[in-house]
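Participant: One structure follows; several queries about it will come next.
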Amino acid sequence: MRFSASSCRRCADICPHRAVSLDGILSINPNHCTGCLLCTAECPVGALEQSKDFSVCLAQVSRVPEPILGCIRSSDSSHATLACLGGLSEEHLVALCHSGSGKLTLNLTACSDCPNGTMIPQLQHRLDVLAEAGLSGGSGHVVVVESAEGLRFRDETVNRRSFFKSLRNSLFLSAAVVLSSTSESSERRTAYGGKRLPVRRELLSGARKSMSQEQAARVERRFDSCISFDENCTGCQGCVAICPTGALQTGLSDKAPTFDQTLCTGCRLCGDFCLDGALRISAGETRDGAD
């Protein structure tokens, strides 16, 4: 159920086909939706997400020195595929940048005659934003190829030993996916119900672990938000209840809630919900409040 006073319209605003409706509840018109997945890349709370497990895609990409990631229409010339690359959020792209040692190519050669080709400017914009923030380098870099002439695909054949090693890793990965789907870290039960991070934020958290201190600070400035409370806060804990990720947690009696910056996605539901206007939400700040 959608909070009626929420000011968030990211999914509806990004949809090029006007398939998303926010009239009371979130709904998608199947007659208009083409499956470009732009809405999933914009939703800050994970109400809309890709159906394919992205960790599998990351594993496939990491096994190839210079992998090519494409959509299901370009599977013959890609090492890994997603339904549509329009679903690659900034967080997904950062995770991809830190998944391997070589250049990653985004295969858009099938987009010219696809109704989802309208997502290309948005995808390029996300890459430009990350480049400006110094986050597109990582241990590899991402390039976009739209013409077949510019694509250098090589099918990566493996020997017997490599094949069984890859098979073993895939089995371990499948088991990890099953276990993670039921772990407490993926969904935290509270007095206000289940709280969980969107998948792409979990991917970003995983990527941070392999980053240098400088890179992690850049991620923090780009993706993290800070929440503070002024004297108007009555300690009603309403913001704790509305927070979908558990970033806000119950504090002491008659005191403001506690805040975990690592769990905040900047959705601003807490600010929309607070009747006293006691919350200050600041994007792009580090934990000590310095830009």
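FYI, nothing fancy with the structure tokens labels: chains A, B, ... in order, residues from 1 per chain, ligands from 1 as they appear.
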Pick out the residues sitting within 8 Å of range 251-268 of chain A, and hand them over as a list in words; count only C-alpha atoms, and ignore anything fewer than 2 positions along from it in its own chain.

Facilitator: Cys8, Pro44, Val45, Leu197, Arg201, Phe223, Asp224, Ser225, Cys226, Ile227, Phe229, Cys233, Thr234, Gly235, Cys236, Gln237, Val240, Thr245, Gly246, Ala247, Leu248, Gln249, Cys270, Gly271, Asp272, Ile281, Ala283 and Arg287 of chain A

Participant: From a DSSP pass on the backbone, collect the residues of range 76-157 of chain A flagged as strand (DSSP E or B) and hand them back as an MDAnalysis selection string.

Facilitator: chainID A and resid 80:82 104:107 142:145

Participant: Emit the selected residues as an mmCIF file, in the first residue's frame, including all heavy atoms.

Facilitator:
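See part_31.cif below for the written result:
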data_model
loop_
_atom_site.group_PDB
_atom_site.id
_atom_site.type_symbol
_atom_site.label_atom_id
_atom_site.label_comp_id
_atom_site.auth_asym_id
_atom_site.auth_seq_id
_atom_site.Cartn_x
_atom_site.Cartn_y
_atom_site.Cartn_z
ATOM 1 N N ALA A 80 26.638 -12.147 -20.253
ATOM 2 C CA ALA A 80 25.590 -12.166 -19.234
ATOM 3 C C ALA A 80 24.458 -11.280 -19.724
ATOM 4 O O ALA A 80 24.679 -10.347 -20.510
ATOM 5 C CB ALA A 80 26.121 -11.664 -17.894
ATOM 6 N N THR A 81 23.245 -11.575 -19.285
ATOM 7 C CA THR A 81 22.094 -10.806 -19.764
ATOM 8 C C THR A 81 21.143 -10.456 -18.630
ATOM 9 O O THR A 81 21.061 -11.154 -17.614
ATOM 10 C CB THR A 81 21.297 -11.588 -20.829
ATOM 11 O OG1 THR A 81 20.815 -12.811 -20.260
ATOM 12 C CG2 THR A 81 22.143 -11.875 -22.050
ATOM 13 N N LEU A 82 20.432 -9.351 -18.840
ATOM 14 C CA LEU A 82 19.302 -8.951 -18.012
ATOM 15 C C LEU A 82 18.110 -8.759 -18.943
ATOM 16 O O LEU A 82 18.275 -8.710 -20.162
ATOM 17 C CB LEU A 82 19.614 -7.645 -17.275
ATOM 18 C CG LEU A 82 20.754 -7.686 -16.260
ATOM 19 C CD1 LEU A 82 21.100 -6.270 -15.797
ATOM 20 C CD2 LEU A 82 20.378 -8.554 -15.068
ATOM 21 N N LEU A 104 34.103 -3.347 -18.816
ATOM 22 C CA LEU A 104 32.765 -3.910 -18.976
ATOM 23 C C LEU A 104 32.059 -3.172 -20.101
ATOM 24 O O LEU A 104 31.996 -1.941 -20.104
ATOM 25 C CB LEU A 104 31.955 -3.780 -17.688
ATOM 26 C CG LEU A 104 30.465 -4.142 -17.802
ATOM 27 C CD1 LEU A 104 30.292 -5.638 -18.033
ATOM 28 C CD2 LEU A 104 29.696 -3.701 -16.569
ATOM 29 N N THR A 105 31.536 -3.919 -21.062
ATOM 30 C CA THR A 105 30.803 -3.332 -22.180
ATOM 31 C C THR A 105 29.312 -3.576 -22.004
ATOM 32 O O THR A 105 28.891 -4.712 -21.767
ATOM 33 C CB THR A 105 31.263 -3.941 -23.519
ATOM 34 O OG1 THR A 105 32.649 -3.659 -23.715
ATOM 35 C CG2 THR A 105 30.468 -3.361 -24.678
ATOM 36 N N LEU A 106 28.531 -2.517 -22.116
ATOM 37 C CA LEU A 106 27.077 -2.640 -22.108
ATOM 38 C C LEU A 106 26.614 -2.750 -23.558
ATOM 39 O O LEU A 106 26.779 -1.821 -24.350
ATOM 40 C CB LEU A 106 26.439 -1.430 -21.425
ATOM 41 C CG LEU A 106 26.822 -1.207 -19.954
ATOM 42 C CD1 LEU A 106 26.065 -0.012 -19.388
ATOM 43 C CD2 LEU A 106 26.548 -2.453 -19.123
ATOM 44 N N ASN A 107 26.045 -3.889 -23.893
ATOM 45 C CA ASN A 107 25.658 -4.203 -25.261
ATOM 46 C C ASN A 107 24.257 -3.670 -25.550
ATOM 47 O O ASN A 107 23.256 -4.250 -25.136
ATOM 48 C CB ASN A 107 25.707 -5.723 -25.459
ATOM 49 C CG ASN A 107 25.389 -6.140 -26.884
ATOM 50 O OD1 ASN A 107 25.070 -5.310 -27.730
ATOM 51 N ND2 ASN A 107 25.472 -7.436 -27.148
ATOM 52 N N VAL A 142 33.185 1.119 -17.493
ATOM 53 C CA VAL A 142 32.020 0.717 -18.274
ATOM 54 C C VAL A 142 31.940 1.543 -19.548
ATOM 55 O O VAL A 142 32.067 2.769 -19.513
ATOM 56 C CB VAL A 142 30.727 0.904 -17.450
ATOM 57 C CG1 VAL A 142 29.516 0.447 -18.251
ATOM 58 C CG2 VAL A 142 30.814 0.144 -16.136
ATOM 59 N N VAL A 143 31.741 0.873 -20.675
ATOM 60 C CA VAL A 143 31.545 1.558 -21.949
ATOM 61 C C VAL A 143 30.239 1.077 -22.566
ATOM 62 O O VAL A 143 29.779 -0.032 -22.296
ATOM 63 C CB VAL A 143 32.709 1.301 -22.930
ATOM 64 C CG1 VAL A 143 34.003 1.869 -22.388
ATOM 65 C CG2 VAL A 143 32.856 -0.182 -23.216
ATOM 66 N N VAL A 144 29.656 1.931 -23.383
ATOM 67 C CA VAL A 144 28.386 1.629 -24.043
ATOM 68 C C VAL A 144 28.633 1.444 -25.533
ATOM 69 O O VAL A 144 29.298 2.272 -26.162
ATOM 70 C CB VAL A 144 27.369 2.764 -23.814
ATOM 71 C CG1 VAL A 144 26.110 2.535 -24.640
ATOM 72 C CG2 VAL A 144 27.021 2.871 -22.334
ATOM 73 N N VAL A 145 28.113 0.355 -26.086
ATOM 74 C CA VAL A 145 28.237 0.087 -27.521
ATOM 75 C C VAL A 145 26.837 -0.085 -28.099
ATOM 76 O O VAL A 145 26.080 -0.951 -27.661
ATOM 77 C CB VAL A 145 29.082 -1.174 -27.795
ATOM 78 C CG1 VAL A 145 29.073 -1.503 -29.283
ATOM 79 C CG2 VAL A 145 30.504 -0.977 -27.307
#

Participant: Residues near Cys114 in chain A, anyone? I mean within 12 Å using only C-alpha atoms, not counting same-chain ones fewer than 3 positions away, as a list in words.

Facilitator: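 Counting only C-alpha atoms, the residues come to Thr34, Gly35, Cys36, Cys71, Ile72, Arg73, Ser74, Cys84, Leu108, Thr109, Ala110, Cys111, Gly117, Thr118, Met119 and Ile120 of chain A.
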
Participant: Take the residues just selected and output them with N, CA and C atoms as an mmCIF file, in the first residue's frame.

Facilitator:
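Result saved to part.cif:
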data_model
loop_
_atom_site.group_PDB
_atom_site.id
_atom_site.type_symbol
_atom_site.label_atom_id
_atom_site.label_comp_id
_atom_site.auth_asym_id
_atom_site.auth_seq_id
_atom_site.Cartn_x
_atom_site.Cartn_y
_atom_site.Cartn_z
ATOM 1 N N THR A 34 6.370 -1.622 -21.497
ATOM 2 C CA THR A 34 7.190 -2.375 -22.454
ATOM 3 C C THR A 34 8.307 -3.154 -21.771
ATOM 4 N N GLY A 35 8.421 -3.017 -20.443
ATOM 5 C CA GLY A 35 9.443 -3.760 -19.717
ATOM 6 C C GLY A 35 10.823 -3.143 -19.772
ATOM 7 N N CYS A 36 10.910 -1.816 -19.888
ATOM 8 C CA CYS A 36 12.221 -1.159 -19.950
ATOM 9 C C CYS A 36 12.917 -1.129 -18.590
ATOM 10 N N CYS A 71 21.048 -7.475 -23.078
ATOM 11 C CA CYS A 71 19.673 -7.821 -22.732
ATOM 12 C C CYS A 71 19.346 -9.179 -23.349
ATOM 13 N N ILE A 72 18.139 -9.649 -23.120
ATOM 14 C CA ILE A 72 17.765 -10.965 -23.634
ATOM 15 C C ILE A 72 17.741 -10.998 -25.159
ATOM 16 N N ARG A 73 17.620 -9.844 -25.794
ATOM 17 C CA ARG A 73 17.608 -9.802 -27.259
ATOM 18 C C ARG A 73 19.020 -9.856 -27.844
ATOM 19 N N SER A 74 20.018 -9.627 -27.009
ATOM 20 C CA SER A 74 21.402 -9.657 -27.494
ATOM 21 C C SER A 74 22.206 -10.748 -26.796
ATOM 22 N N CYS A 84 16.332 -6.117 -19.424
ATOM 23 C CA CYS A 84 16.600 -4.858 -20.131
ATOM 24 C C CYS A 84 17.606 -4.073 -19.306
ATOM 25 N N LEU A 108 24.189 -2.564 -26.292
ATOM 26 C CA LEU A 108 22.909 -1.953 -26.648
ATOM 27 C C LEU A 108 22.620 -2.103 -28.139
ATOM 28 N N THR A 109 23.239 -3.088 -28.767
ATOM 29 C CA THR A 109 23.094 -3.242 -30.216
ATOM 30 C C THR A 109 21.687 -3.646 -30.637
ATOM 31 N N ALA A 110 20.897 -4.183 -29.711
ATOM 32 C CA ALA A 110 19.533 -4.599 -30.055
ATOM 33 C C ALA A 110 18.503 -3.518 -29.757
ATOM 34 N N CYS A 111 18.966 -2.342 -29.342
ATOM 35 C CA CYS A 111 18.041 -1.295 -28.897
ATOM 36 C C CYS A 111 17.441 -0.477 -30.032
ATOM 37 N N GLY A 117 14.291 1.087 -26.384
ATOM 38 C CA GLY A 117 15.453 1.900 -26.724
ATOM 39 C C GLY A 117 15.382 3.302 -26.154
ATOM 40 N N THR A 118 14.198 3.711 -25.718
ATOM 41 C CA THR A 118 14.043 5.036 -25.113
ATOM 42 C C THR A 118 14.782 5.157 -23.787
ATOM 43 N N MET A 119 15.250 4.022 -23.257
ATOM 44 C CA MET A 119 15.943 4.074 -21.964
ATOM 45 C C MET A 119 17.408 4.486 -22.106
ATOM 46 N N ILE A 120 17.950 4.499 -23.323
ATOM 47 C CA ILE A 120 19.378 4.754 -23.516
ATOM 48 C C ILE A 120 19.825 6.098 -22.932
#

Participant: So that each row is one residue of range 46-81 of chain A with an atom at most 9 Å from range 90-100 of chain A, can you give its shortest atom pair and the distance in Å to one decimal, using only C-alpha atoms, rows by chain and rising number, as JSON lines?

Facilitator:
{"residue": "A:Phe54", "atom": "CA", "partner": "A:His92", "partner_atom": "CA", "distance": 8.5}
{"residue": "A:Leu58", "atom": "CA", "partner": "A:Ser99", "partner_atom": "CA", "distance": 6.5}
{"residue": "A:Ala59", "atom": "CA", "partner": "A:Ser99", "partner_atom": "CA", "distance": 8.0}
{"residue": "A:Val61", "atom": "CA", "partner": "A:Gly100", "partner_atom": "CA", "distance": 7.2}
{"residue": "A:Ser62", "atom": "CA", "partner": "A:Gly100", "partner_atom": "CA", "distance": 4.8}
{"residue": "A:Arg63", "atom": "CA", "partner": "A:Gly100", "partner_atom": "CA", "distance": 7.7}
{"residue": "A:Val64", "atom": "CA", "partner": "A:Gly100", "partner_atom": "CA", "distance": 7.9}
{"residue": "A:Pro65", "atom": "CA", "partner": "A:Gly100", "partner_atom": "CA", "distance": 7.2}
{"residue": "A:Glu66", "atom": "CA", "partner": "A:Gly100", "partner_atom": "CA", "distance": 8.2}
{"residue": "A:Pro67", "atom": "CA", "partner": "A:Gly100", "partner_atom": "CA", "distance": 8.7}

Participant: Got a sec: who's within 12 Å of Met211 in chain A, counting only C-alpha atoms, leaving out chain neighbours fewer than 3 positions off, as a VMD selection string?

Facilitator: chain A and resid 94 to 95 97 to 99 135 137 to 139 204 to 208 214 to 220

Participant: Any idea what the distance is between CA of Arg9 in chain A and CA of Ile28 in chain A?

Facilitator: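 CA of Arg9 in chain A sits 13.4 Å away from CA of Ile28 in chain A.
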
Participant: How many Å separate CA of Leu269 in chain A from CA of Leu85 in chain A?

Facilitator: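 Interatomic distance here is 27.7 Å.
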
Participant: What is the CA of Val199 in chain A-CA of Gly134 in chain A distance in Å, reported with one decimal?

Facilitator: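 Rounded to one decimal, the two atoms are 22.7 Å apart.
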
Participant: Can you pull out the residues contacting Ala47 in chain A? Cut-off 12 Å, using only C-alpha atoms, and skip same-chain residues under 3 positions away; I want them as a ChimeraX atom specification.

Facilitator: /A:1-2,10-11,25-27,39-44,50-51,195-200,244-245,267
